[in-house]
$ cat my_file-v3.cif   # mmCIF, N, CA and C atoms
data_final
#
loop_
_atom_site.group_PDB
_atom_site.id
_atom_site.type_symbol
_atom_site.label_atom_id
_atom_site.label_comp_id
_atom_site.auth_asym_id
_atom_site.auth_seq_id
_atom_site.Cartn_x
_atom_site.Cartn_y
_atom_site.Cartn_z
ATOM 1 N N MET A 15 -107.002 66.480 79.954
ATOM 2 C CA MET A 15 -107.167 67.476 78.923
ATOM 3 C C MET A 15 -107.235 66.792 77.556
ATOM 4 N N ASN A 16 -108.137 67.240 76.727
ATOM 5 C CA ASN A 16 -108.283 66.652 75.396
ATOM 6 C C ASN A 16 -107.156 67.106 74.499
ATOM 7 N N GLN A 17 -106.582 66.130 73.806
ATOM 8 C CA GLN A 17 -105.528 66.449 72.858
ATOM 9 C C GLN A 17 -106.061 66.255 71.450
ATOM 10 N N VAL A 18 -105.481 66.984 70.526
ATOM 11 C CA VAL A 18 -105.905 66.898 69.127
ATOM 12 C C VAL A 18 -105.424 65.576 68.549
ATOM 13 N N LYS A 19 -106.307 64.869 67.908
ATOM 14 C CA LYS A 19 -105.963 63.627 67.203
ATOM 15 C C LYS A 19 -105.634 64.015 65.763
ATOM 16 N N TRP A 20 -104.358 64.311 65.498
ATOM 17 C CA TRP A 20 -103.944 64.871 64.221
ATOM 18 C C TRP A 20 -104.326 64.020 63.022
ATOM 19 N N PRO A 21 -104.165 62.684 63.059
ATOM 20 C CA PRO A 21 -104.554 61.899 61.875
ATOM 21 C C PRO A 21 -106.046 62.042 61.538
ATOM 22 N N LEU A 22 -106.871 62.090 62.566
ATOM 23 C CA LEU A 22 -108.307 62.229 62.333
ATOM 24 C C LEU A 22 -108.651 63.626 61.834
ATOM 25 N N LEU A 23 -107.975 64.640 62.358
ATOM 26 C CA LEU A 23 -108.201 66.008 61.908
ATOM 27 C C LEU A 23 -107.806 66.172 60.447
ATOM 28 N N ILE A 24 -106.676 65.607 60.079
ATOM 29 C CA ILE A 24 -106.220 65.692 58.689
ATOM 30 C C ILE A 24 -107.202 64.983 57.759
ATOM 31 N N CYS A 25 -107.682 63.818 58.155
ATOM 32 C CA CYS A 25 -108.670 63.098 57.329
ATOM 33 C C CYS A 25 -109.952 63.916 57.188
ATOM 34 N N ALA A 26 -110.388 64.560 58.265
ATOM 35 C CA ALA A 26 -111.609 65.363 58.203
ATOM 36 C C ALA A 26 -111.436 66.556 57.268
ATOM 37 N N ILE A 27 -110.287 67.203 57.341
ATOM 38 C CA ILE A 27 -110.024 68.346 56.462
ATOM 39 C C ILE A 27 -109.964 67.900 55.006
ATOM 40 N N LEU A 28 -109.274 66.795 54.740
ATOM 41 C CA LEU A 28 -109.184 66.286 53.368
ATOM 42 C C LEU A 28 -110.553 65.885 52.828
ATOM 43 N N ALA A 29 -111.384 65.299 53.678
ATOM 44 C CA ALA A 29 -112.731 64.922 53.246
ATOM 45 C C ALA A 29 -113.546 66.165 52.914
ATOM 46 N N ALA A 30 -113.437 67.206 53.736
ATOM 47 C CA ALA A 30 -114.167 68.446 53.470
ATOM 48 C C ALA A 30 -113.698 69.095 52.166
ATOM 49 N N VAL A 31 -112.395 69.082 51.927
ATOM 50 C CA VAL A 31 -111.856 69.637 50.687
ATOM 51 C C VAL A 31 -112.343 68.828 49.490
ATOM 52 N N SER A 32 -112.404 67.517 49.637
ATOM 53 C CA SER A 32 -112.886 66.664 48.548
ATOM 54 C C SER A 32 -114.361 66.934 48.251
ATOM 55 N N ILE A 33 -115.155 67.155 49.290
ATOM 56 C CA ILE A 33 -116.568 67.468 49.097
ATOM 57 C C ILE A 33 -116.717 68.815 48.393
ATOM 58 N N MET A 34 -115.865 69.772 48.760
ATOM 59 C CA MET A 34 -115.874 71.055 48.047
ATOM 60 C C MET A 34 -115.477 70.848 46.591
ATOM 61 N N GLY A 35 -114.565 69.923 46.364
ATOM 62 C CA GLY A 35 -114.141 69.611 45.003
ATOM 63 C C GLY A 35 -115.276 69.096 44.148
ATOM 64 N N ILE A 36 -116.194 68.363 44.760
ATOM 65 C CA ILE A 36 -117.363 67.886 44.021
ATOM 66 C C ILE A 36 -118.165 69.085 43.516
ATOM 67 N N GLY A 37 -118.398 70.056 44.390
ATOM 68 C CA GLY A 37 -119.145 71.246 44.004
ATOM 69 C C GLY A 37 -118.450 72.039 42.916
ATOM 70 N N ILE A 38 -117.141 72.171 43.038
ATOM 71 C CA ILE A 38 -116.378 72.899 42.020
ATOM 72 C C ILE A 38 -116.441 72.162 40.686
ATOM 73 N N ALA A 39 -116.297 70.842 40.729
ATOM 74 C CA ALA A 39 -116.345 70.059 39.494
ATOM 75 C C ALA A 39 -117.726 70.135 38.846
ATOM 76 N N ILE A 40 -118.775 70.166 39.662
ATOM 77 C CA ILE A 40 -120.133 70.304 39.114
ATOM 78 C C ILE A 40 -120.276 71.655 38.430
ATOM 79 N N SER A 41 -119.764 72.706 39.076
ATOM 80 C CA SER A 41 -119.888 74.034 38.478
ATOM 81 C C SER A 41 -119.075 74.152 37.189
ATOM 82 N N GLU A 42 -117.998 73.396 37.108
ATOM 83 C CA GLU A 42 -117.176 73.397 35.895
ATOM 84 C C GLU A 42 -117.687 72.412 34.846
ATOM 85 N N LYS A 43 -118.710 71.641 35.204
ATOM 86 C CA LYS A 43 -119.292 70.620 34.331
ATOM 87 C C LYS A 43 -118.252 69.594 33.878
ATOM 88 N N SER A 44 -117.420 69.185 34.838
ATOM 89 C CA SER A 44 -116.354 68.225 34.566
ATOM 90 C C SER A 44 -116.726 66.865 35.152
ATOM 91 N N ILE A 45 -117.082 65.938 34.287
ATOM 92 C CA ILE A 45 -117.465 64.595 34.735
ATOM 93 C C ILE A 45 -116.279 63.895 35.404
ATOM 94 N N THR A 46 -115.085 64.014 34.802
ATOM 95 C CA THR A 46 -113.923 63.359 35.407
ATOM 96 C C THR A 46 -113.594 63.973 36.764
ATOM 97 N N GLY A 47 -113.776 65.284 36.901
ATOM 98 C CA GLY A 47 -113.547 65.937 38.186
ATOM 99 C C GLY A 47 -114.533 65.473 39.245
ATOM 100 N N ILE A 48 -115.792 65.334 38.833
ATOM 101 C CA ILE A 48 -116.828 64.863 39.764
ATOM 102 C C ILE A 48 -116.502 63.457 40.241
ATOM 103 N N ILE A 49 -116.175 62.585 39.300
ATOM 104 C CA ILE A 49 -115.864 61.196 39.651
ATOM 105 C C ILE A 49 -114.613 61.137 40.523
ATOM 106 N N GLY A 50 -113.598 61.920 40.169
ATOM 107 C CA GLY A 50 -112.371 61.939 40.965
ATOM 108 C C GLY A 50 -112.602 62.434 42.372
ATOM 109 N N ALA A 51 -113.412 63.476 42.511
ATOM 110 C CA ALA A 51 -113.690 64.019 43.840
ATOM 111 C C ALA A 51 -114.511 63.043 44.678
ATOM 112 N N ILE A 52 -115.464 62.374 44.048
ATOM 113 C CA ILE A 52 -116.259 61.375 44.782
ATOM 114 C C ILE A 52 -115.366 60.232 45.241
ATOM 115 N N LEU A 53 -114.473 59.780 44.369
ATOM 116 C CA LEU A 53 -113.534 58.722 44.764
ATOM 117 C C LEU A 53 -112.633 59.190 45.902
ATOM 118 N N ALA A 54 -112.203 60.442 45.833
ATOM 119 C CA ALA A 54 -111.357 60.987 46.901
ATOM 120 C C ALA A 54 -112.097 60.996 48.229
ATOM 121 N N VAL A 55 -113.373 61.385 48.210
ATOM 122 C CA VAL A 55 -114.164 61.393 49.447
ATOM 123 C C VAL A 55 -114.266 59.985 50.018
ATOM 124 N N VAL A 56 -114.577 59.025 49.166
ATOM 125 C CA VAL A 56 -114.736 57.640 49.626
ATOM 126 C C VAL A 56 -113.421 57.117 50.210
ATOM 127 N N ILE A 57 -112.321 57.373 49.524
ATOM 128 C CA ILE A 57 -111.025 56.881 49.984
ATOM 129 C C ILE A 57 -110.617 57.549 51.293
ATOM 130 N N VAL A 58 -110.744 58.860 51.364
ATOM 131 C CA VAL A 58 -110.334 59.586 52.577
ATOM 132 C C VAL A 58 -111.213 59.192 53.756
ATOM 133 N N MET A 59 -112.511 59.078 53.536
ATOM 134 C CA MET A 59 -113.400 58.667 54.629
ATOM 135 C C MET A 59 -113.074 57.252 55.089
ATOM 136 N N GLY A 60 -112.781 56.379 54.150
ATOM 137 C CA GLY A 60 -112.401 55.004 54.498
ATOM 138 C C GLY A 60 -111.137 54.973 55.337
ATOM 139 N N ILE A 61 -110.145 55.755 54.930
ATOM 140 C CA ILE A 61 -108.899 55.828 55.697
ATOM 141 C C ILE A 61 -109.178 56.391 57.089
ATOM 142 N N GLY A 62 -110.033 57.403 57.168
ATOM 143 C CA GLY A 62 -110.371 57.996 58.460
ATOM 144 C C GLY A 62 -111.052 57.007 59.399
ATOM 145 N N PHE A 63 -112.018 56.259 58.871
ATOM 146 C CA PHE A 63 -112.706 55.275 59.712
ATOM 147 C C PHE A 63 -111.764 54.153 60.127
ATOM 148 N N LYS A 64 -110.885 53.749 59.222
ATOM 149 C CA LYS A 64 -109.929 52.692 59.543
ATOM 150 C C LYS A 64 -108.956 53.171 60.622
ATOM 151 N N THR A 65 -108.505 54.410 60.504
ATOM 152 C CA THR A 65 -107.598 54.987 61.496
ATOM 153 C C THR A 65 -108.286 55.095 62.854
ATOM 154 N N LYS A 66 -109.543 55.525 62.851
ATOM 155 C CA LYS A 66 -110.280 55.656 64.106
ATOM 156 C C LYS A 66 -110.460 54.293 64.776
ATOM 157 N N LYS A 67 -110.765 53.275 63.988
ATOM 158 C CA LYS A 67 -110.926 51.929 64.540
ATOM 159 C C LYS A 67 -109.619 51.442 65.151
ATOM 160 N N LYS A 68 -108.506 51.680 64.443
ATOM 161 C CA LYS A 68 -107.201 51.261 64.929
ATOM 162 C C LYS A 68 -106.844 51.995 66.221
ATOM 163 N N MET A 69 -107.149 53.297 66.263
ATOM 164 C CA MET A 69 -106.846 54.071 67.466
ATOM 165 C C MET A 69 -107.702 53.616 68.644
ATOM 166 N N ARG A 70 -108.965 53.283 68.365
ATOM 167 C CA ARG A 70 -109.856 52.813 69.421
ATOM 168 C C ARG A 70 -109.360 51.472 69.974
ATOM 169 N N GLU A 71 -108.911 50.577 69.080
ATOM 170 C CA GLU A 71 -108.409 49.276 69.515
ATOM 171 C C GLU A 71 -107.133 49.406 70.344
ATOM 172 N N ASN A 72 -106.310 50.414 70.043
ATOM 173 C CA ASN A 72 -105.071 50.628 70.785
ATOM 174 C C ASN A 72 -105.274 51.472 72.039
ATOM 175 N N GLY A 73 -106.512 51.877 72.306
ATOM 176 C CA GLY A 73 -106.818 52.659 73.494
ATOM 177 C C GLY A 73 -106.369 54.101 73.425
ATOM 178 N N GLU A 74 -106.174 54.622 72.203
ATOM 179 C CA GLU A 74 -105.717 56.005 72.031
ATOM 180 C C GLU A 74 -106.870 56.996 71.995
ATOM 181 N N LEU A 75 -108.096 56.515 71.941
ATOM 182 C CA LEU A 75 -109.239 57.432 71.906
ATOM 183 C C LEU A 75 -109.847 57.534 73.268
#
$ encode --input "my_file-v3.cif" --output "structure tokens"
Amino acid sequence: MNQVKWPLLICAILAAVSIMGIGIAISEKSITGIIGAILAVVIVMGIGFKTKKKMRENGEL
């Protein structure tokens, strides 16, 4: 039976929220918000890929 991989799910949710943040920052015409949201997406996605690689190496996937 497939089990939920909570760290990956949390990273995916955070990445989606960060992408929504980009749209909100654009609508607010906030350059700092746009840059912050883009950085958040990059960081969260990086953490997600790193976590997935670590889980794959440990045989958890």
$ closest_residue --input "my_file-v3.cif" --among "A:Asn72, A:Asn16, A:Lys67, A:Ala51" --to "Val31 (chain A)" --atoms "only C-alpha atoms"
A:Ala51
$ atom_distance --input "my_file-v3.cif" --atom1 "CA of Ser32 (chain A)" --atom2 "CA of Ala54 (chain A)"
6.1 Å
$ resolve_selection --input "my_file-v3.cif" --expression "the PyMOL selection byres (((chain A and resi 50 and name CA) around 12) and name CA)" --output "NGL selection string"
:A and (32-33 or 35-40 or 44-49 or 51-57)
$ resolve_selection --input "my_file-v3.cif" --expression "the PyMOL selection byres (((chain A and resi 65 and name CA) around 12) and name CA)" --output "VMD selection string"
chain A and resid 19 to 26 58 to 64 66 to 72 74 to 75
$ axis_aligned_box --input "my_file-v3.cif" --around "region 34-45 of chain A" --padding-each-side "8 Å" --output "JSON"
{"center_x": -117.2, "center_y": 69.0, "center_z": 41.3, "size_x": 22.1, "size_y": 26.3, "size_z": 30.9}
$ select_by_dssp --input "my_file-v3.cif" --residues "chain A" --states "alpha helix (DSSP H)" --output "VMD selection string"
chain A and resid 20 to 41 45 to 71
$ atom_distance --input "my_file-v3.cif" --atom1 "atom C of Val18 (chain A)" --atom2 "atom C of Ala30 (chain A)"
18.7 Å
$ atom_distance --input "my_file-v3.cif" --atom1 "atom C of Ile27 (chain A)" --atom2 "CA of Lys43 (chain A)"
22.8 Å
